[in-house]
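A short worksheet on the structure shown next.
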Amino acid sequence: MGMNKNTIFGWASFIMFIIGAALILLGVLKYIDYAIGFSVAGIGFFAISWAFNALKGRV
């Protein structure tokens, strides 16, 4: 049972969401001096994750 393109987009979206959340949490909890940079990068990962999720079924 192989993965089709929708499954791949779903997993990629989920993994990018987890990475974005981890970056934001790292910035807020551990590296407070660099919280803005970590948060911007995390929001960027959220945006790419949203785009991948929107592409499911359309490509």
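Just so we're on the same page: first chain in the structure tokens is A, next is B, and so on; residues restart at 1 for each chain, and ligands are numbered from 1 in the order they show up.
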
Discussion item. Need the shell around Ile15 of chain A: protein/DNA/RNA residues with any atom at most 12 Å away, counting only C-alpha atoms. Skip same-chain ones fewer than 2 positions apart. Format as a ChimeraX atom specification?
Written reply: /A:8-13,17-22,45-46,48-50,52-53

Could you name the residues that touch Phe38 of chain A at 8 Å or less, counting only C-alpha atoms, but leaving out those on the same chain fewer than 4 positions away, as a PDB file with all heavy atoms, in the first residue's frame?
```pdb
ATOM      1  N   LEU A  23       9.414  25.671  16.764  1.00  0.00           N
ATOM      2  CA  LEU A  23      10.198  26.897  16.666  1.00  0.00           C
ATOM      3  C   LEU A  23       9.616  28.006  17.535  1.00  0.00           C
ATOM      4  O   LEU A  23      10.351  28.713  18.233  1.00  0.00           O
ATOM      5  CB  LEU A  23      10.264  27.366  15.209  1.00  0.00           C
ATOM      6  CG  LEU A  23      11.276  26.666  14.317  1.00  0.00           C
ATOM      7  CD1 LEU A  23      11.088  27.082  12.877  1.00  0.00           C
ATOM      8  CD2 LEU A  23      12.676  26.968  14.782  1.00  0.00           C
ATOM      9  N   ILE A  24       8.308  28.161  17.490  1.00  0.00           N
ATOM     10  CA  ILE A  24       7.679  29.195  18.310  1.00  0.00           C
ATOM     11  C   ILE A  24       7.879  28.908  19.790  1.00  0.00           C
ATOM     12  O   ILE A  24       8.220  29.804  20.576  1.00  0.00           O
ATOM     13  CB  ILE A  24       6.193  29.321  17.948  1.00  0.00           C
ATOM     14  CG1 ILE A  24       6.057  29.927  16.555  1.00  0.00           C
ATOM     15  CG2 ILE A  24       5.458  30.189  18.962  1.00  0.00           C
ATOM     16  CD1 ILE A  24       4.654  29.960  16.030  1.00  0.00           C
ATOM     17  N   LEU A  26      10.297  27.152  21.175  1.00  0.00           N
ATOM     18  CA  LEU A  26      11.708  27.368  21.501  1.00  0.00           C
ATOM     19  C   LEU A  26      11.994  28.849  21.723  1.00  0.00           C
ATOM     20  O   LEU A  26      12.693  29.225  22.660  1.00  0.00           O
ATOM     21  CB  LEU A  26      12.605  26.845  20.384  1.00  0.00           C
ATOM     22  CG  LEU A  26      13.044  25.401  20.463  1.00  0.00           C
ATOM     23  CD1 LEU A  26      13.784  25.014  19.201  1.00  0.00           C
ATOM     24  CD2 LEU A  26      13.914  25.172  21.670  1.00  0.00           C
ATOM     25  N   GLY A  27      11.451  29.684  20.856  1.00  0.00           N
ATOM     26  CA  GLY A  27      11.675  31.113  20.995  1.00  0.00           C
ATOM     27  C   GLY A  27      11.051  31.678  22.246  1.00  0.00           C
ATOM     28  O   GLY A  27      11.635  32.539  22.917  1.00  0.00           O
ATOM     29  N   TYR A  34      15.827  35.913  21.280  1.00  0.00           N
ATOM     30  CA  TYR A  34      15.593  35.743  19.852  1.00  0.00           C
ATOM     31  C   TYR A  34      14.169  35.297  19.561  1.00  0.00           C
ATOM     32  O   TYR A  34      13.898  34.684  18.523  1.00  0.00           O
ATOM     33  CB  TYR A  34      16.573  34.714  19.275  1.00  0.00           C
ATOM     34  CG  TYR A  34      18.009  35.056  19.564  1.00  0.00           C
ATOM     35  CD1 TYR A  34      18.735  34.342  20.505  1.00  0.00           C
ATOM     36  CD2 TYR A  34      18.630  36.096  18.891  1.00  0.00           C
ATOM     37  CE1 TYR A  34      20.051  34.658  20.778  1.00  0.00           C
ATOM     38  CE2 TYR A  34      19.945  36.423  19.157  1.00  0.00           C
ATOM     39  CZ  TYR A  34      20.653  35.695  20.103  1.00  0.00           C
ATOM     40  OH  TYR A  34      21.947  36.019  20.375  1.00  0.00           O
ATOM     41  N   GLY A  42       8.591  30.367  12.685  1.00  0.00           N
ATOM     42  CA  GLY A  42       7.508  29.433  12.986  1.00  0.00           C
ATOM     43  C   GLY A  42       6.238  29.782  12.235  1.00  0.00           C
ATOM     44  O   GLY A  42       5.549  28.899  11.711  1.00  0.00           O
TER      45      GLY A  42
END
```

Tell me which protein, DNA and RNA residues are within 10 Å of Arg58 of chain A, counting only C-alpha atoms, leaving out same-chain ones fewer than 2 positions away, and put them as a compact mmCIF listing (two decimals) with N, CA, C and O atoms, in the first residue's frame.
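File written: result.txt
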```
# COMPACT_ATOMS: atom_id res chain seq x y z
N LYS A 5 -0.50 11.10 -3.64
CA LYS A 5 -0.07 12.49 -3.47
C LYS A 5 -0.81 13.19 -2.33
O LYS A 5 -0.24 14.04 -1.66
N ASN A 6 -2.08 12.84 -2.09
CA ASN A 6 -2.81 13.47 -1.00
C ASN A 6 -2.24 13.07 0.36
O ASN A 6 -2.17 13.89 1.28
N ALA A 54 -3.84 23.09 1.59
CA ALA A 54 -4.77 23.57 0.58
C ALA A 54 -4.55 22.88 -0.76
O ALA A 54 -5.47 22.80 -1.58
N LEU A 55 -3.35 22.37 -1.01
CA LEU A 55 -3.05 21.72 -2.28
C LEU A 55 -3.57 20.28 -2.35
O LEU A 55 -3.61 19.71 -3.45
N LYS A 56 -3.94 19.71 -1.22
CA LYS A 56 -4.42 18.31 -1.24
C LYS A 56 -5.63 18.21 -2.15
O LYS A 56 -6.59 18.96 -2.03
```

Practice prompt. Apply DSSP to the backbone of this structure and, from chain A, keep only the residues in helix (DSSP H, G or I); write these as JSON, numbers by chain.
Written response: {"A": [5, 6, 7, 8, 9, 10, 11, 12, 13, 14, 15, 16, 17, 18, 19, 20, 21, 22, 23, 24, 25, 26, 27, 28, 29, 32, 33, 34, 35, 36, 37, 38, 39, 40, 41, 42, 43, 44, 45, 46, 47, 48, 49, 50, 51, 52, 53, 54, 55]}

Item to complete: Using atom CA of Thr7 of chain A and atom CA of Leu25 of chain A as the two end points, give the distance in Å to one decimal.
Response: 27.1 Å

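Atom pair atom CA of Asp33 of chain A / atom CA of Ala51 of chain A has a distance of 29.7 Å (rounded to one decimal).
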